[in-house]
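Enquirer: Contents of entry24.pdb (PDB, C-alpha atoms and all ligand atoms) are given next:
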ATOM      1  CA  MET H   1      14.211 -38.069 -63.884  1.00  0.00           C
ATOM      2  CA  ALA H   2      12.566 -37.411 -60.553  1.00  0.00           C
ATOM      3  CA  TYR H   3       9.373 -35.384 -60.660  1.00  0.00           C
ATOM      4  CA  THR H   4       9.797 -32.913 -57.855  1.00  0.00           C
ATOM      5  CA  VAL H   5       7.182 -30.466 -56.585  1.00  0.00           C
ATOM      6  CA  ASP H   6       9.194 -27.638 -58.174  1.00  0.00           C
ATOM      7  CA  TYR H   7       9.248 -29.454 -61.512  1.00  0.00           C
ATOM      8  CA  LEU H   8       5.523 -30.208 -61.443  1.00  0.00           C
ATOM      9  CA  THR H   9       4.737 -26.649 -60.372  1.00  0.00           C
ATOM     10  CA  GLU H  10       6.688 -25.398 -63.355  1.00  0.00           C
ATOM     11  CA  LEU H  11       4.733 -27.760 -65.633  1.00  0.00           C
ATOM     12  CA  ILE H  12       1.446 -26.541 -64.172  1.00  0.00           C
ATOM     13  CA  HIS H  13       2.506 -22.919 -64.575  1.00  0.00           C
ATOM     14  CA  TYR H  14       3.531 -23.464 -68.187  1.00  0.00           C
ATOM     15  CA  HIS H  15       0.584 -25.573 -69.340  1.00  0.00           C
ATOM     16  CA  LEU H  16      -2.350 -24.499 -67.172  1.00  0.00           C
ATOM     17  CA  VAL H  17      -1.526 -20.817 -66.567  1.00  0.00           C
ATOM     18  CA  LEU H  18       0.723 -19.422 -69.300  1.00  0.00           C
ATOM     19  CA  GLY H  19      -0.952 -21.613 -71.936  1.00  0.00           C
ATOM     20  CA  GLU H  20      -4.367 -20.056 -71.302  1.00  0.00           C
ATOM     21  CA  ALA H  21      -5.744 -17.069 -73.184  1.00  0.00           C
ATOM     22  CA  ASP H  22      -6.895 -15.158 -70.089  1.00  0.00           C
ATOM     23  CA  ASP H  23      -6.688 -15.053 -66.292  1.00  0.00           C
ATOM     24  CA  GLU H  24     -10.191 -16.513 -65.826  1.00  0.00           C
ATOM     25  CA  SER H  25      -9.284 -19.685 -67.746  1.00  0.00           C
ATOM     26  CA  ALA H  26      -5.996 -20.017 -65.864  1.00  0.00           C
ATOM     27  CA  ASP H  27      -7.764 -19.601 -62.516  1.00  0.00           C
ATOM     28  CA  ARG H  28     -10.416 -22.176 -63.507  1.00  0.00           C
ATOM     29  CA  ASN H  29      -7.650 -24.668 -64.357  1.00  0.00           C
ATOM     30  CA  LEU H  30      -5.921 -24.082 -61.039  1.00  0.00           C
ATOM     31  CA  SER H  31      -9.183 -24.402 -59.123  1.00  0.00           C
ATOM     32  CA  LEU H  32     -10.000 -27.731 -60.818  1.00  0.00           C
ATOM     33  CA  LEU H  33      -6.463 -29.006 -60.245  1.00  0.00           C
ATOM     34  CA  ALA H  34      -6.503 -27.977 -56.584  1.00  0.00           C
ATOM     35  CA  GLY H  35      -9.735 -29.952 -56.112  1.00  0.00           C
ATOM     36  CA  GLU H  36      -8.211 -33.036 -57.723  1.00  0.00           C
ATOM     37  CA  ILE H  37      -5.045 -32.766 -55.647  1.00  0.00           C
ATOM     38  CA  GLN H  38      -7.068 -32.391 -52.459  1.00  0.00           C
ATOM     39  CA  ASN H  39      -8.752 -35.734 -53.251  1.00  0.00           C
ATOM     40  CA  LEU H  40      -5.338 -37.425 -53.227  1.00  0.00           C
ATOM     41  CA  ALA H  41      -4.690 -36.554 -49.595  1.00  0.00           C
ATOM     42  CA  THR H  42      -5.085 -39.345 -47.054  1.00  0.00           C
ATOM     43  CA  ARG H  43      -6.656 -36.937 -44.538  1.00  0.00           C
ATOM     44  CA  PRO H  44      -8.206 -33.473 -44.748  1.00  0.00           C
ATOM     45  CA  LEU H  45      -5.609 -30.870 -45.699  1.00  0.00           C
ATOM     46  CA  TRP H  46      -7.529 -28.048 -44.055  1.00  0.00           C
ATOM     47  CA  GLN H  47      -9.256 -27.815 -40.735  1.00  0.00           C
ATOM     48  CA  GLU H  48     -11.900 -25.276 -39.886  1.00  0.00           C
ATOM     49  CA  ALA H  49     -10.684 -22.828 -37.267  1.00  0.00           C
ATOM     50  CA  THR H  50     -12.976 -21.948 -34.390  1.00  0.00           C
ATOM     51  CA  TRP H  51     -12.522 -19.156 -31.884  1.00  0.00           C
ATOM     52  CA  VAL H  52     -13.826 -18.143 -28.511  1.00  0.00           C
ATOM     53  CA  PHE H  53     -13.630 -14.641 -27.115  1.00  0.00           C
ATOM     54  CA  CYS H  54     -12.275 -13.759 -23.709  1.00  0.00           C
ATOM     55  CA  ASP H  55     -15.151 -12.519 -21.562  1.00  0.00           C
ATOM     56  CA  ARG H  56     -12.877 -10.010 -19.873  1.00  0.00           C
ATOM     57  CA  CYS H  57     -10.696  -8.353 -22.562  1.00  0.00           C
ATOM     58  CA  GLY H  58     -12.482  -9.599 -25.700  1.00  0.00           C
ATOM     59  CA  CYS H  59      -9.433 -11.064 -27.443  1.00  0.00           C
ATOM     60  CA  SER H  60     -10.016 -14.145 -29.616  1.00  0.00           C
ATOM     61  CA  VAL H  61      -8.419 -17.498 -28.825  1.00  0.00           C
ATOM     62  CA  ASP H  62      -8.191 -20.442 -31.246  1.00  0.00           C
ATOM     63  CA  THR H  63     -10.089 -23.354 -29.637  1.00  0.00           C
ATOM     64  CA  GLU H  64      -7.147 -25.614 -30.599  1.00  0.00           C
ATOM     65  CA  LEU H  65      -5.148 -23.802 -27.927  1.00  0.00           C
ATOM     66  CA  ILE H  66      -7.644 -24.411 -25.136  1.00  0.00           C
ATOM     67  CA  HIS H  67      -6.871 -27.337 -22.840  1.00  0.00           C
ATOM     68  CA  PRO H  68      -9.480 -30.101 -23.305  1.00  0.00           C
ATOM     69  CA  ASP H  69     -10.337 -30.149 -19.589  1.00  0.00           C
ATOM     70  CA  GLY H  70     -11.990 -26.748 -19.924  1.00  0.00           C
ATOM     71  CA  HIS H  71      -9.118 -24.902 -18.300  1.00  0.00           C
ATOM     72  CA  HIS H  72      -9.681 -21.121 -18.232  1.00  0.00           C
ATOM     73  CA  TYR H  73     -13.467 -21.433 -17.960  1.00  0.00           C
ATOM     74  CA  SER H  74     -14.719 -19.985 -14.723  1.00  0.00           C
ATOM     75  CA  ASP H  75     -17.427 -21.648 -12.624  1.00  0.00           C
ATOM     76  CA  ASP H  76     -20.119 -19.437 -14.173  1.00  0.00           C
ATOM     77  CA  GLY H  77     -19.042 -20.470 -17.706  1.00  0.00           C
ATOM     78  CA  ASP H  78     -17.112 -17.349 -18.687  1.00  0.00           C
ATOM     79  CA  PHE H  79     -13.950 -17.891 -20.702  1.00  0.00           C
ATOM     80  CA  TYR H  80     -10.735 -16.028 -19.888  1.00  0.00           C
ATOM     81  CA  CYS H  81      -7.602 -15.810 -22.030  1.00  0.00           C
ATOM     82  CA  VAL H  82      -4.302 -16.751 -20.390  1.00  0.00           C
ATOM     83  CA  ASP H  83      -3.464 -13.167 -19.406  1.00  0.00           C
ATOM     84  CA  CYS H  84      -6.867 -12.502 -17.864  1.00  0.00           C
ATOM     85  CA  TRP H  85      -6.895 -15.891 -16.135  1.00  0.00           C
ATOM     86  CA  ARG H  86      -3.544 -15.087 -14.493  1.00  0.00           C
ATOM     87  CA  ALA H  87      -4.710 -11.590 -13.551  1.00  0.00           C
ATOM     88  CA  GLU H  88      -7.805 -13.176 -11.964  1.00  0.00           C
ATOM     89  CA  GLU H  89      -5.624 -15.653 -10.002  1.00  0.00           C
ATOM     90  CA  LEU H  90      -3.346 -12.858  -8.726  1.00  0.00           C
ATOM     91  CA  ARG H  91      -6.250 -10.931  -7.169  1.00  0.00           C
TER      92      ARG H  91
HETATM   93 ZN    ZN Y 101      -8.535 -11.720 -21.786  1.00  0.00          ZN
END
Rewrite the coordinates I just gave you, this time as structure tokens.
Expert:
Amino acid sequence: MAYTVDYLTELIHYHLVLGEADDESADRNLSLLAGEIQNLATRPLWQEATWVFCDRCGCSVDTELIHPDGHHYSDDGDFYCVDCWRAEELR
């Protein structure tokens, strides 16, 4: 028998959630299990998100979306989102 994610999830639900007397115990089990599973990963499963805010309209932009060459930063260091950058270019 192949142990699929669905099968193992069902096992976890049955033994570590439904088998516990209360929600706190079930949540503690899941938290411990999640920590153990995270240690199995070959690289970090989560990455911290960072944001910058457009100096013109104030919208937030995930730094992952900003071109590494500093595109959309003006000469004085202000950051502009794509829409504001284009509006600035069209002036
Ligand atoms: Zn903007």
Enquirer: Neighbours of ligand ZN 101 (chain Y) within 7 Å, counting all atoms listed in the file, as a ChimeraX atom specification?
Expert: /H:54-59,80-84
Enquirer: Generate a file of the selected residues that holds C-alpha atoms, formatted as a compact mmCIF listing (two decimals), in the coordinates of the input.
Expert:
# COMPACT_ATOMS: atom_id res chain seq x y z
CA CYS H 54 -12.28 -13.76 -23.71
CA ASP H 55 -15.15 -12.52 -21.56
CA ARG H 56 -12.88 -10.01 -19.87
CA CYS H 57 -10.70 -8.35 -22.56
CA GLY H 58 -12.48 -9.60 -25.70
CA CYS H 59 -9.43 -11.06 -27.44
CA TYR H 80 -10.74 -16.03 -19.89
CA CYS H 81 -7.60 -15.81 -22.03
CA VAL H 82 -4.30 -16.75 -20.39
CA ASP H 83 -3.46 -13.17 -19.41
CA CYS H 84 -6.87 -12.50 -17.86
Enquirer: Hey, can you check how far atom CA of H:Trp51 sits from atom CA of H:Leu90?
Expert: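 Rounded to one decimal, the two atoms are 25.7 Å apart.
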Enquirer: Please indicate the distance in Å from atom CA of H:Ala34 to atom CA of H:Val5, rounded to one decimal place.
Expert: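 Taking atom CA of H:Ala34 as the start and atom CA of H:Val5 as the end point, the length is 13.9 Å.
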Enquirer: For atom CA of H:Trp85 and atom CA of H:His72, determine how far apart the two atoms are, in Å to one decimal place.
Expert: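 About the pair atom CA of H:Trp85 and atom CA of H:His72: they are 6.3 Å apart.
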Enquirer: Taking the file as shown, find all residues satisfying the PyMOL selection byres (((chain H and resi 12-16) around 12) and not hetatm) and write them as a PyMOL selection string.
Expert: chain H and resi 5-11+17-34
Enquirer: Running the PyMOL selection byres (((chain H and resi 50) around 9) and not hetatm) on this model by hand, what would come out? Give it as a list in words.
Expert: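 Against this file, the PyMOL selection byres (((chain H and resi 50) around 9) and not hetatm) returns the residues Glu48, Ala49, Trp51, Val52, Val61, Asp62, Thr63 and Glu64 of chain H.
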